[in-house]
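As provided, upload_26.cif (mmCIF, C-alpha atoms) reads as follows.
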```
data_protein
loop_
_atom_site.label_atom_id
_atom_site.label_comp_id
_atom_site.auth_asym_id
_atom_site.auth_seq_id
_atom_site.Cartn_x
_atom_site.Cartn_y
_atom_site.Cartn_z
CA MET F 200 -2.77 10.79 -0.27
CA LEU F 201 -4.92 9.92 2.70
CA VAL F 202 -4.48 11.63 6.01
CA PRO F 203 -3.58 9.59 9.09
CA ILE F 204 -6.58 8.43 11.09
CA PRO F 205 -6.89 10.46 14.27
CA HIS F 206 -7.92 9.00 17.61
CA LEU F 207 -11.65 8.60 17.66
CA SER F 208 -14.20 7.87 20.30
CA LYS F 209 -15.59 4.35 20.53
CA ARG F 210 -18.91 5.52 19.10
CA ALA F 211 -17.21 7.35 16.24
CA LEU F 212 -15.02 4.36 15.53
CA LEU F 213 -18.04 2.11 15.52
CA LYS F 214 -19.84 4.26 13.01
CA ARG F 215 -16.88 4.80 10.72
CA SER F 216 -15.60 1.27 10.74
CA THR F 217 -19.00 -0.28 10.17
CA VAL F 218 -19.77 1.78 7.14
CA ALA F 219 -16.25 1.60 5.78
CA ALA F 220 -15.85 -2.11 6.24
CA THR F 221 -19.11 -3.21 4.75
CA GLY F 222 -20.43 -0.39 2.63
CA ARG F 223 -23.79 -1.10 4.23
CA SER F 224 -25.69 1.21 6.46
CA GLN F 225 -26.81 -1.13 9.21
CA LEU F 226 -24.68 -1.33 12.32
CA LEU F 227 -22.73 -4.45 13.13
CA SER F 228 -21.87 -5.57 16.64
CA HIS F 229 -19.95 -3.36 19.05
CA ASN F 230 -16.67 -5.00 18.22
CA THR F 231 -16.36 -3.42 14.79
CA VAL F 232 -14.06 -1.06 16.68
CA ALA F 233 -10.56 -0.83 15.30
CA TRP F 234 -11.13 -2.91 12.25
CA SER F 235 -11.01 -1.80 8.63
CA MET F 236 -11.22 1.96 8.82
CA ASN F 237 -10.88 3.22 5.34
CA THR F 238 -12.08 2.12 1.94
CA THR F 239 -10.83 5.17 0.11
CA ILE F 240 -8.28 4.02 -2.41
CA PRO F 241 -4.93 5.53 -1.53
CA THR F 242 -2.73 6.82 -4.29
CA PRO F 243 1.05 6.63 -4.33
CA PRO F 244 2.86 9.91 -3.81
CA ASN F 245 3.87 11.65 -7.01
CA PRO F 246 3.19 8.69 -9.30
CA ALA F 247 4.11 10.71 -12.38
CA ILE F 248 7.42 11.75 -10.90
CA GLU F 249 8.47 8.48 -9.34
CA GLY F 250 6.92 6.29 -12.00
CA GLN F 251 5.16 4.38 -9.25
CA THR F 252 1.63 3.13 -9.40
CA HIS F 253 -0.09 0.39 -7.45
CA TRP F 254 -0.77 -1.54 -10.68
CA PRO F 255 2.67 -2.17 -12.22
CA TYR F 256 1.61 -5.76 -12.94
CA ARG F 257 -1.08 -4.84 -15.46
CA LEU F 258 -0.36 -5.83 -19.03
CA VAL F 259 -1.38 -4.38 -22.36
CA GLY F 260 -1.24 -5.45 -26.00
CA ASP F 261 0.57 -8.66 -26.88
CA ALA F 262 1.71 -9.29 -23.29
CA LEU F 263 -1.94 -9.38 -22.27
CA GLN F 264 -2.96 -11.54 -25.24
CA THR F 265 -0.45 -14.21 -24.25
CA CYS F 266 -0.88 -13.88 -20.47
CA TRP F 267 -1.32 -17.33 -18.89
CA VAL F 268 -3.41 -15.90 -16.05
CA GLN F 269 -6.07 -14.74 -18.53
CA LYS F 270 -6.53 -18.36 -19.62
CA LEU F 271 -7.21 -19.69 -16.12
CA ASP F 272 -10.65 -20.99 -15.28
CA LEU F 273 -11.23 -19.59 -11.80
CA SER F 274 -15.00 -19.81 -11.96
CA ALA F 275 -15.26 -22.28 -9.07
CA ALA F 276 -13.39 -19.99 -6.68
CA LYS F 277 -15.11 -16.89 -8.03
CA SER F 278 -18.53 -18.34 -7.35
CA PHE F 279 -17.69 -18.85 -3.66
CA ASN F 280 -19.52 -16.08 -1.86
CA PRO F 281 -21.08 -17.49 1.32
CA ASN F 282 -22.00 -14.07 2.71
CA GLY F 283 -23.43 -12.61 -0.47
CA ASN F 284 -21.04 -9.65 -0.21
CA THR F 285 -20.67 -8.21 -3.70
CA SER F 286 -17.98 -5.59 -3.03
CA PRO F 287 -14.57 -6.65 -4.38
CA PRO F 288 -12.17 -7.86 -1.65
CA ARG F 289 -9.27 -5.43 -1.21
CA ILE F 290 -5.88 -7.13 -1.47
CA LEU F 291 -2.48 -5.55 -0.71
CA VAL F 292 0.62 -7.23 -2.15
CA LEU F 293 4.07 -6.76 -0.61
CA TYR F 294 7.39 -8.06 -1.92
CA GLY F 295 10.92 -8.05 -0.55
CA SER F 296 13.59 -7.02 -2.99
CA LEU F 297 14.60 -3.83 -4.79
CA ARG F 298 16.51 -5.45 -7.63
CA GLU F 299 15.35 -4.59 -11.14
CA ARG F 300 14.76 -8.27 -11.90
CA SER F 301 13.50 -9.20 -8.46
CA TYR F 302 11.91 -12.62 -8.44
CA SER F 303 9.83 -11.84 -5.37
CA LYS F 304 8.48 -8.83 -7.28
CA LEU F 305 7.78 -10.95 -10.36
CA LEU F 306 5.95 -13.51 -8.23
CA ALA F 307 4.07 -10.74 -6.42
CA TYR F 308 2.90 -9.44 -9.81
CA GLU F 309 1.66 -12.92 -10.77
CA TYR F 310 -0.36 -13.03 -7.55
CA ALA F 311 -1.74 -9.57 -8.27
CA ARG F 312 -2.89 -10.66 -11.73
CA ILE F 313 -4.62 -13.76 -10.36
CA PHE F 314 -6.37 -11.83 -7.60
CA GLU F 315 -7.53 -9.23 -10.09
CA LEU F 316 -8.99 -11.95 -12.30
CA LEU F 317 -10.74 -13.32 -9.22
CA GLY F 318 -12.44 -9.95 -8.93
CA CYS F 319 -10.37 -8.33 -6.18
CA GLU F 320 -9.22 -4.75 -5.98
CA VAL F 321 -5.46 -5.11 -5.86
CA ARG F 322 -2.68 -2.72 -4.87
CA VAL F 323 1.02 -3.54 -5.01
CA PHE F 324 3.31 -1.50 -2.76
CA ASN F 325 6.71 -0.60 -4.20
CA PRO F 326 9.17 -0.62 -1.28
CA SER F 327 11.73 1.49 -3.15
CA GLY F 328 12.26 4.73 -1.27
CA LEU F 329 10.88 3.49 2.04
CA PRO F 330 13.35 4.64 4.74
CA MET F 331 14.77 2.19 7.26
CA GLN F 332 12.49 1.95 10.25
CA GLY F 333 13.66 4.37 12.93
CA ASP F 334 15.83 6.31 10.47
CA GLY F 335 13.25 8.92 9.64
CA THR F 336 9.83 10.06 10.58
CA ASP F 337 6.65 8.10 10.15
CA GLN F 338 5.34 11.13 8.26
CA HIS F 339 7.55 10.12 5.32
CA PRO F 340 5.28 9.78 2.23
CA LYS F 341 6.26 6.17 1.62
CA VAL F 342 5.50 5.25 5.23
CA GLN F 343 2.14 6.97 5.01
CA GLU F 344 1.44 5.26 1.70
CA LEU F 345 2.19 1.83 3.19
CA ARG F 346 0.11 2.44 6.30
CA ASN F 347 -2.83 3.78 4.33
CA LEU F 348 -2.71 0.80 2.01
CA THR F 349 -2.86 -1.63 4.88
CA LEU F 350 -5.71 0.31 6.50
CA TRP F 351 -7.53 0.05 3.18
CA SER F 352 -6.85 -3.68 2.76
CA GLU F 353 -8.85 -6.74 3.76
CA GLY F 354 -6.15 -9.23 2.88
CA HIS F 355 -2.38 -9.29 2.30
CA VAL F 356 -0.08 -11.29 0.04
CA TRP F 357 3.52 -11.40 1.29
CA VAL F 358 6.33 -12.57 -0.98
CA SER F 359 9.94 -12.45 0.17
CA PRO F 360 13.20 -13.89 -1.08
CA GLU F 361 15.21 -16.05 1.28
CA GLN F 362 18.57 -14.46 1.99
CA HIS F 363 21.02 -16.06 4.41
CA GLY F 364 18.21 -18.31 5.58
CA ALA F 365 15.84 -15.49 6.49
CA VAL F 366 13.52 -12.80 5.14
CA THR F 367 15.23 -9.84 3.54
CA ALA F 368 15.69 -6.53 5.32
CA VAL F 369 13.59 -4.93 2.57
CA PHE F 370 10.63 -7.12 3.46
CA LYS F 371 10.95 -6.95 7.23
CA ASN F 372 11.39 -3.19 7.07
CA GLN F 373 7.93 -2.86 5.55
CA ILE F 374 6.35 -4.84 8.35
CA ASP F 375 8.34 -2.87 10.92
CA TRP F 376 6.83 0.36 9.60
CA ILE F 377 3.33 -0.99 10.14
CA PRO F 378 2.59 -0.54 13.82
CA LEU F 379 0.46 -3.05 15.66
CA SER F 380 -1.77 -0.16 16.57
CA LEU F 381 -2.22 3.41 15.36
CA GLY F 382 -3.99 4.78 18.37
CA SER F 383 -7.09 2.65 18.58
CA VAL F 384 -6.75 1.37 15.04
CA ARG F 385 -4.95 -1.87 14.26
CA PRO F 386 -3.79 -1.61 10.65
CA THR F 387 -3.33 -5.34 10.04
CA GLN F 388 -5.58 -7.01 12.61
CA GLY F 389 -8.19 -9.29 11.08
CA ARG F 390 -6.75 -9.24 7.59
CA THR F 391 -6.28 -12.55 5.82
CA LEU F 392 -2.76 -13.37 4.70
CA CYS F 393 -1.01 -15.74 2.33
CA VAL F 394 2.76 -16.18 2.28
CA SER F 395 5.26 -17.15 -0.40
CA GLN F 396 8.99 -17.17 -0.88
CA VAL F 397 11.49 -17.41 -3.70
CA ASN F 398 14.87 -19.06 -3.36
CA GLY F 399 18.11 -18.70 -5.24
CA GLY F 400 19.02 -22.28 -4.37
CA SER F 401 17.12 -25.39 -3.33
CA GLN F 402 13.63 -25.26 -1.89
CA SER F 403 13.43 -23.92 1.64
CA PHE F 404 10.64 -22.95 4.01
CA ASN F 405 12.55 -20.70 6.42
CA VAL F 406 10.97 -17.55 5.04
CA VAL F 407 7.37 -18.73 4.86
CA ASN F 408 7.73 -19.92 8.45
CA THR F 409 9.02 -16.50 9.48
CA LEU F 410 6.26 -14.78 7.52
CA ARG F 411 3.69 -16.87 9.38
CA LEU F 412 5.24 -15.78 12.64
CA LEU F 413 5.08 -12.16 11.53
CA GLY F 414 1.49 -12.61 10.42
CA ARG F 415 0.54 -13.96 13.82
CA TRP F 416 2.30 -11.05 15.48
CA MET F 417 0.35 -8.64 13.29
CA ARG F 418 -2.87 -10.45 14.28
CA MET F 419 -3.62 -11.66 10.79
CA PHE F 420 -5.30 -14.88 9.66
CA THR F 421 -2.74 -16.78 7.60
CA ILE F 422 -4.13 -19.42 5.26
CA PRO F 423 -2.71 -22.97 5.40
CA ASN F 424 -1.41 -23.21 1.83
CA GLN F 425 1.84 -21.51 0.83
CA SER F 426 4.36 -21.45 -1.98
CA SER F 427 8.14 -21.76 -2.08
CA ILE F 428 9.85 -21.59 -5.46
CA PRO F 429 13.38 -23.02 -5.63
CA LYS F 430 15.98 -21.75 -8.10
CA ALA F 431 13.67 -18.90 -9.00
CA TRP F 432 16.05 -17.78 -11.74
CA THR F 433 15.10 -20.94 -13.67
CA GLU F 434 11.34 -20.60 -13.10
CA PHE F 435 10.73 -17.21 -14.75
CA ASP F 436 11.06 -16.57 -18.46
CA GLU F 437 12.79 -13.61 -20.08
CA PRO F 438 9.78 -11.22 -19.85
CA GLY F 439 9.46 -12.15 -16.18
CA ARG F 440 6.51 -14.53 -16.29
CA LEU F 441 6.30 -17.69 -14.19
CA LYS F 442 6.84 -20.76 -16.37
CA PRO F 443 4.22 -23.52 -16.51
CA GLY F 444 4.65 -26.35 -14.03
CA SER F 445 3.82 -27.50 -10.53
CA PHE F 446 5.21 -24.37 -8.85
CA ARG F 447 2.91 -22.20 -10.94
CA ASP F 448 -0.04 -24.46 -10.22
CA ARG F 449 0.70 -24.12 -6.51
CA VAL F 450 0.65 -20.33 -6.78
CA VAL F 451 -2.84 -20.53 -8.30
CA ASP F 452 -3.87 -22.92 -5.50
CA VAL F 453 -2.64 -20.45 -2.88
CA ALA F 454 -4.42 -17.52 -4.51
CA GLU F 455 -7.70 -19.41 -4.81
CA GLU F 456 -7.53 -20.54 -1.19
CA MET F 457 -6.71 -17.02 -0.05
CA TYR F 458 -9.66 -15.67 -2.03
CA ARG F 459 -12.05 -18.22 -0.58
CA MET F 460 -10.83 -17.64 2.97
CA THR F 461 -11.19 -13.89 2.56
CA MET F 462 -14.70 -14.25 1.16
CA LEU F 463 -15.61 -16.60 4.00
CA MET F 464 -14.24 -14.43 6.79
CA ARG F 465 -14.60 -10.83 5.66
CA ASP F 466 -18.05 -10.19 7.09
CA HIS F 467 -17.22 -11.92 10.39
CA ILE F 468 -13.91 -10.21 11.13
CA PRO F 469 -15.36 -7.85 13.75
CA ASP F 470 -16.53 -10.87 15.76
CA LEU F 471 -13.37 -12.86 15.17
CA ILE F 472 -11.08 -10.13 16.50
CA ASP F 473 -13.20 -9.27 19.51
CA ARG F 474 -11.09 -9.63 22.67
CA TYR F 475 -12.23 -9.64 26.27
CA SER F 476 -9.12 -7.75 27.42
CA GLU F 477 -9.72 -4.99 24.89
CA ARG F 478 -13.39 -4.63 25.76
CA LYS F 479 -12.25 -4.29 29.35
CA GLU F 480 -9.68 -1.62 28.43
CA ILE F 481 -12.26 0.34 26.46
CA GLU F 482 -14.63 0.09 29.42
CA GLU F 483 -11.96 1.40 31.81
CA LYS F 484 -10.09 3.92 29.65
CA GLY F 485 -12.76 4.92 27.17
CA ARG F 486 -10.72 3.57 24.25
CA LEU F 487 -7.74 1.40 23.43
CA LEU F 488 -4.47 3.10 24.33
CA SER F 489 -1.46 3.10 22.07
CA GLN F 490 1.82 1.63 23.31
CA ALA F 491 3.24 5.17 23.63
CA GLU F 492 0.30 6.23 25.77
CA LYS F 493 0.72 3.17 28.01
CA GLU F 494 4.42 3.92 28.42
CA GLN F 495 3.67 7.55 29.20
CA ALA F 496 1.06 6.56 31.77
CA ALA F 497 3.51 4.10 33.39
CA ASN F 498 6.26 6.74 33.56
CA THR F 499 3.86 9.26 35.06
CA SER F 500 2.76 6.85 37.76
CA LYS F 501 6.43 6.02 38.56
CA LYS F 502 7.20 9.71 39.11
CA GLU F 503 4.21 10.04 41.37
CA MET J 137 -30.96 -22.04 -21.80
CA SER J 138 -28.31 -20.08 -19.89
CA SER J 139 -28.23 -16.30 -20.11
CA PRO J 140 -25.93 -14.78 -22.73
CA VAL J 141 -22.37 -13.78 -21.92
CA THR J 142 -21.80 -10.03 -21.72
CA VAL J 143 -18.74 -8.57 -23.43
CA ILE J 144 -17.63 -5.01 -22.66
CA PHE J 145 -15.82 -3.07 -25.37
CA ALA J 146 -14.17 -0.15 -23.65
CA CYS J 147 -11.85 2.71 -24.42
CA ILE J 148 -11.42 6.19 -22.98
CA HIS J 149 -14.02 8.28 -24.83
CA ASN J 150 -16.36 5.56 -26.17
CA ALA J 151 -16.64 7.60 -29.35
CA GLY J 152 -14.83 5.44 -31.89
CA ARG J 153 -13.15 2.05 -31.54
CA SER J 154 -15.32 0.63 -28.77
CA GLN J 155 -18.50 1.80 -30.52
CA MET J 156 -17.40 0.17 -33.78
CA SER J 157 -16.46 -3.06 -31.99
CA ALA J 158 -19.77 -3.31 -30.15
CA ALA J 159 -21.78 -2.65 -33.31
CA MET J 160 -19.76 -5.21 -35.24
CA PHE J 161 -20.23 -7.69 -32.43
CA GLU J 162 -23.99 -7.18 -32.51
CA LEU J 163 -23.90 -7.88 -36.22
CA LEU J 164 -21.93 -11.11 -35.95
CA ALA J 165 -22.80 -12.67 -32.59
CA ASP J 166 -25.92 -14.61 -31.67
CA PRO J 167 -27.61 -12.50 -28.96
CA GLU J 168 -28.73 -15.66 -27.23
CA LYS J 169 -25.08 -16.56 -26.75
CA ALA J 170 -23.35 -13.21 -26.21
CA VAL J 171 -24.23 -9.52 -26.05
CA ALA J 172 -22.06 -6.41 -26.24
CA ILE J 173 -21.80 -3.26 -24.17
CA SER J 174 -19.57 -0.36 -25.09
CA ALA J 175 -18.42 2.32 -22.66
CA GLY J 176 -15.54 4.61 -21.78
CA THR J 177 -13.81 5.93 -18.69
CA ASN J 178 -14.18 9.53 -19.86
CA PRO J 179 -17.02 9.48 -22.39
CA GLY J 180 -17.10 12.03 -25.20
CA THR J 181 -20.20 13.90 -26.29
CA LYS J 182 -20.88 11.98 -29.52
CA VAL J 183 -19.57 9.27 -31.79
CA HIS J 184 -16.92 10.68 -34.18
CA PRO J 185 -18.64 11.65 -37.49
CA GLU J 186 -16.02 9.79 -39.56
CA VAL J 187 -16.80 6.64 -37.60
CA VAL J 188 -20.52 7.07 -38.27
CA ILE J 189 -19.81 7.41 -42.02
CA ALA J 190 -17.47 4.40 -42.16
CA MET J 191 -19.90 2.17 -40.28
CA GLN J 192 -22.84 3.41 -42.36
CA GLU J 193 -21.06 1.93 -45.38
CA LEU J 194 -21.55 -1.49 -43.79
CA GLY J 195 -25.19 -0.75 -43.03
CA LEU J 196 -24.57 -0.06 -39.33
CA ASP J 197 -26.06 3.17 -38.05
CA LEU J 198 -24.19 4.64 -35.08
CA SER J 199 -25.60 8.16 -35.46
CA ASP J 200 -27.94 7.81 -32.49
CA ARG J 201 -25.47 6.08 -30.19
CA GLN J 202 -24.38 8.05 -27.16
CA PRO J 203 -20.98 7.54 -25.49
CA ARG J 204 -21.47 6.42 -21.92
CA LYS J 205 -19.41 5.96 -18.81
CA LEU J 206 -18.05 2.62 -17.73
CA THR J 207 -19.49 2.09 -14.26
CA ASP J 208 -19.49 -0.76 -11.78
CA ASP J 209 -23.17 -1.32 -12.41
CA LEU J 210 -22.62 -1.53 -16.15
CA ALA J 211 -19.76 -4.00 -15.70
CA LYS J 212 -21.68 -6.16 -13.23
CA GLY J 213 -22.21 -9.65 -14.58
CA ALA J 214 -19.93 -9.20 -17.61
CA ALA J 215 -17.43 -11.92 -18.46
CA LEU J 216 -14.97 -10.31 -20.84
CA LEU J 217 -13.43 -6.87 -21.16
CA VAL J 218 -11.93 -5.87 -24.49
CA THR J 219 -9.88 -2.67 -24.42
CA MET J 220 -8.69 -0.79 -27.45
CA GLY J 221 -4.97 -0.35 -26.98
CA CYS J 222 -5.11 2.81 -24.90
CA GLY J 223 -2.05 1.65 -22.92
CA GLU J 224 -1.90 2.70 -19.29
CA ALA J 225 -5.10 4.72 -19.70
CA CYS J 226 -7.11 1.62 -20.60
CA PRO J 227 -10.00 0.92 -18.27
CA HIS J 228 -9.65 -2.07 -16.00
CA VAL J 229 -12.41 -4.10 -14.39
CA PRO J 230 -11.41 -6.62 -11.70
CA GLY J 231 -12.85 -10.08 -12.20
CA LEU J 232 -13.15 -9.98 -15.97
CA GLN J 233 -11.02 -11.75 -18.51
CA HIS J 234 -9.26 -9.06 -20.45
CA LEU J 235 -8.21 -8.70 -24.08
CA ASP J 236 -6.41 -5.66 -25.44
CA TRP J 237 -6.64 -4.88 -29.15
CA PRO J 238 -3.96 -2.53 -30.49
CA LEU J 239 -6.19 -0.22 -32.52
CA THR J 240 -5.44 3.32 -33.62
CA ASP J 241 -7.72 6.01 -32.20
CA PRO J 242 -9.92 7.28 -35.11
CA LYS J 243 -10.21 10.72 -33.52
CA GLY J 244 -9.11 13.36 -36.05
CA LYS J 245 -8.52 10.77 -38.76
CA SER J 246 -9.97 10.96 -42.30
CA VAL J 247 -12.83 8.69 -43.36
CA GLU J 248 -10.34 6.72 -45.44
CA GLU J 249 -8.12 6.12 -42.43
CA VAL J 250 -11.14 5.23 -40.30
CA ARG J 251 -12.16 2.63 -42.90
CA GLU J 252 -8.86 0.85 -42.28
CA ILE J 253 -9.47 0.88 -38.54
CA ARG J 254 -13.03 -0.34 -39.14
CA ASP J 255 -11.75 -3.28 -41.19
CA GLN J 256 -9.26 -4.15 -38.46
CA VAL J 257 -12.10 -4.07 -35.93
CA LYS J 258 -14.17 -6.33 -38.16
CA GLY J 259 -11.34 -8.85 -38.38
CA LEU J 260 -10.77 -8.88 -34.63
CA VAL J 261 -14.46 -9.19 -33.76
CA THR J 262 -14.92 -11.96 -36.34
CA GLN J 263 -11.98 -13.85 -34.83
CA LEU J 264 -13.30 -13.40 -31.28
CA VAL J 265 -16.81 -14.55 -32.17
CA GLN J 266 -15.48 -17.60 -34.03
CA GLU J 267 -13.03 -18.57 -31.27
CA LYS J 268 -15.70 -18.38 -28.61
CA GLY J 269 -18.39 -20.09 -30.68
CA TRP J 270 -20.74 -17.12 -30.39
CA GLY J 271 -21.54 -16.86 -34.11
CA LYS J 272 -25.09 -16.84 -35.41
CA ASN J 273 -24.47 -19.98 -37.43
CA ASN J 274 -22.50 -21.98 -34.83
#
```
In structure tokens, write the structure found in this file.
Amino acid sequence: MLVPIPHLSKRALLKRSTVAATGRSQLLSHNTVAWSMNTTIPTPPNPAIEGQTHWPYRLVGDALQTCWVQKLDLSAAKSFNPNGNTSPPRILVLYGSLRERSYSKLLAYEYARIFELLGCEVRVFNPSGLPMQGDGTDQHPKVQELRNLTLWSEGHVWVSPEQHGAVTAVFKNQIDWIPLSLGSVRPTQGRTLCVSQVNGGSQSFNVVNTLRLLGRWMRMFTIPNQSSIPKAWTEFDEPGRLKPGSFRDRVVDVAEEMYRMTMLMRDHIPDLIDRYSERKEIEEKGRLLSQAEKEQAANTSKKE
Amino acid sequence: MSSPVTVIFACIHNAGRSQMSAAMFELLADPEKAVAISAGTNPGTKVHPEVVIAMQELGLDLSDRQPRKLTDDLAKGAALLVTMGCGEACPHVPGLQHLDWPLTDPKGKSVEEVREIRDQVKGLVTQLVQEKGWGKNN
């Protein structure tokens, strides 16, 4: 498991983030600060014990032979590489239910398979075992695993069920464990994002709207297309694969668009997330302060 | 004419099934249409002797073939990955179409048993080459 990223100087951040984000040796602009910090692939804690890997969606044998994803022609999307960056985009997939036959999980797996065929490095986070936010320490292995995965990622796929008209607690809890900033590092800022939901009843867009709001809050770039699958229990077959039809076609559309957007933006993220107010803070304080440090500074000045 | 498609035959040790598959593919496929690479995630030191004997019977000499590691560079530009039924341990290369053939590992098997595996490999490679139109007479 990766260790948490300590606070680093602006110069150190610049050096680390530039190399980590691009794999190239030349320096990018100053505002590479606080972007993608880590390309080391995190591993789940005790995968042998917990039976958890980041690739539960991979198929073997007959399931692979009959896999509909393997028959897709994605060559048009795959050939889109405007920046000539040949490293595989790193995609993190999150879902929002712990049920054994969770339709958000099944849909998340379909996304993972499509992104892998597109040439991405994909990791799926299993939310089982993640404590409720605030009810435990952020040193919990599942919290560290989630945070390290998002530090590693360049793009996210979020899939949540709609429950009582909103995202599930399981999904929101994952986002709540990802802080807007870890010291000077912003674990989600600048990542691309696509959102999807599954419904037990008729088609709804409450959850994708909420996920967009969350994505904005986490400073992510959410793509325009999205997917909402009504009566999900009728749309997946017995082995848990999405049945053919317009909902499945839409999922492929979303994945292709997400891939293209990620390929388009990935080398420009440092410029796109550059903020005047943050440059000013770095100039004044030497680095970006965490919320806790700001609160501490405010309390200290009150006492004085 | 467009460049040939590259097919990767991969298993863990690259000492048996993937070597047989690649050699069979080279025999049956038109190299202007498709070429084969074989590799493994944890390559062995040599091709299993029983495999060499069984393939020799078909006129294919694997005695000088060396197991090699499946690397990003090797996989670059390939279109299809065929794994050999190693289950969770199977190599995986993002971006490639993926087939998984449920073949028994010939390691420790007798020549007679390896012949059966060899014939299975021949059937699967023949089917793949025909389906894709990569045959020498297509």
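Every chain F residue lying within 8 Å of chain J, based on all atoms listed in the file, is listed here: Val259, Gly260, Asp261, Leu263, Gln264, Gln269, Pro287, Glu315, Leu316, Leu317, Gly318, Cys319 and Glu320 of chain F.
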_Need to verify the contact set: Gly244 (chain J), 10 Å, only C-alpha atoms, exclusion of same-chain residues closer than 3 positions in sequence. Can you return it as a list of chain:residue names?_
J:His184, J:Pro185, J:Glu186, J:Asp241, J:Val247, J:Glu249, J:Val250
*Residues returned when the PyMOL selection byres ((chain J and resi 262) around 10) runs on this file, as a VMD selection string*: chain J and resid 160 to 161 163 to 165 256 to 261 263 to 267 270 to 271
*asked:* Need the shell around Lys304 (chain F): protein/DNA/RNA residues with any atom at most 12 Å away, counting only C-alpha atoms. Skip same-chain ones fewer than 2 positions apart. Format as a count of residues only?
replied: 39
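Near Asn408 (chain F), within 12 Å and counting all atoms listed in the file, sit F:Trp357, F:Ser359, F:Glu361, F:Gly364, F:Ala365, F:Val366, F:Cys393, F:Val394, F:Ser395, F:Gln396, F:Ser403, F:Phe404, F:Leu412, F:Leu413, F:Gly414, F:Arg415, F:Thr421, F:Pro423, F:Asn424, F:Gln425, F:Ser426, F:Ser427, not including residues fewer than 4 positions from it in the same chain.
Straight-line separation from CA of Cys266 (chain F) to CA of Ala172 (chain J): 23.2 Å.
Using the PyMOL selection byres ((chain J and resi 168-171) around 9) on the file at hand returns these residues: J:Met137, J:Ser138, J:Ser139, J:Pro140, J:Val141, J:Thr142, J:Val143, J:Ile144, J:Ala158, J:Phe161, J:Glu162, J:Ala165, J:Asp166, J:Pro167, J:Ala172, J:Ile173, J:Val265, J:Gly269, J:Trp270, J:Gly271, J:Lys272.
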_I need the residue nearest Arg204 (chain J) from this list: J:Ala159, J:Val183, J:Ala225, J:Ile253. Use all atoms listed in the file for the distance._
J:Val183
*asked:* the PyMOL selection byres ((chain J and resi 194-200) around 9) - which residues does that actually catch in the file I just gave you? List them as a VMD selection string.
replied: chain J and resid 155 to 156 159 to 160 163 182 to 183 185 187 to 193 201 to 202
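Relative to CA of Asn372 (chain F), CA of Asn347 (chain F) is found at 16.1 Å.
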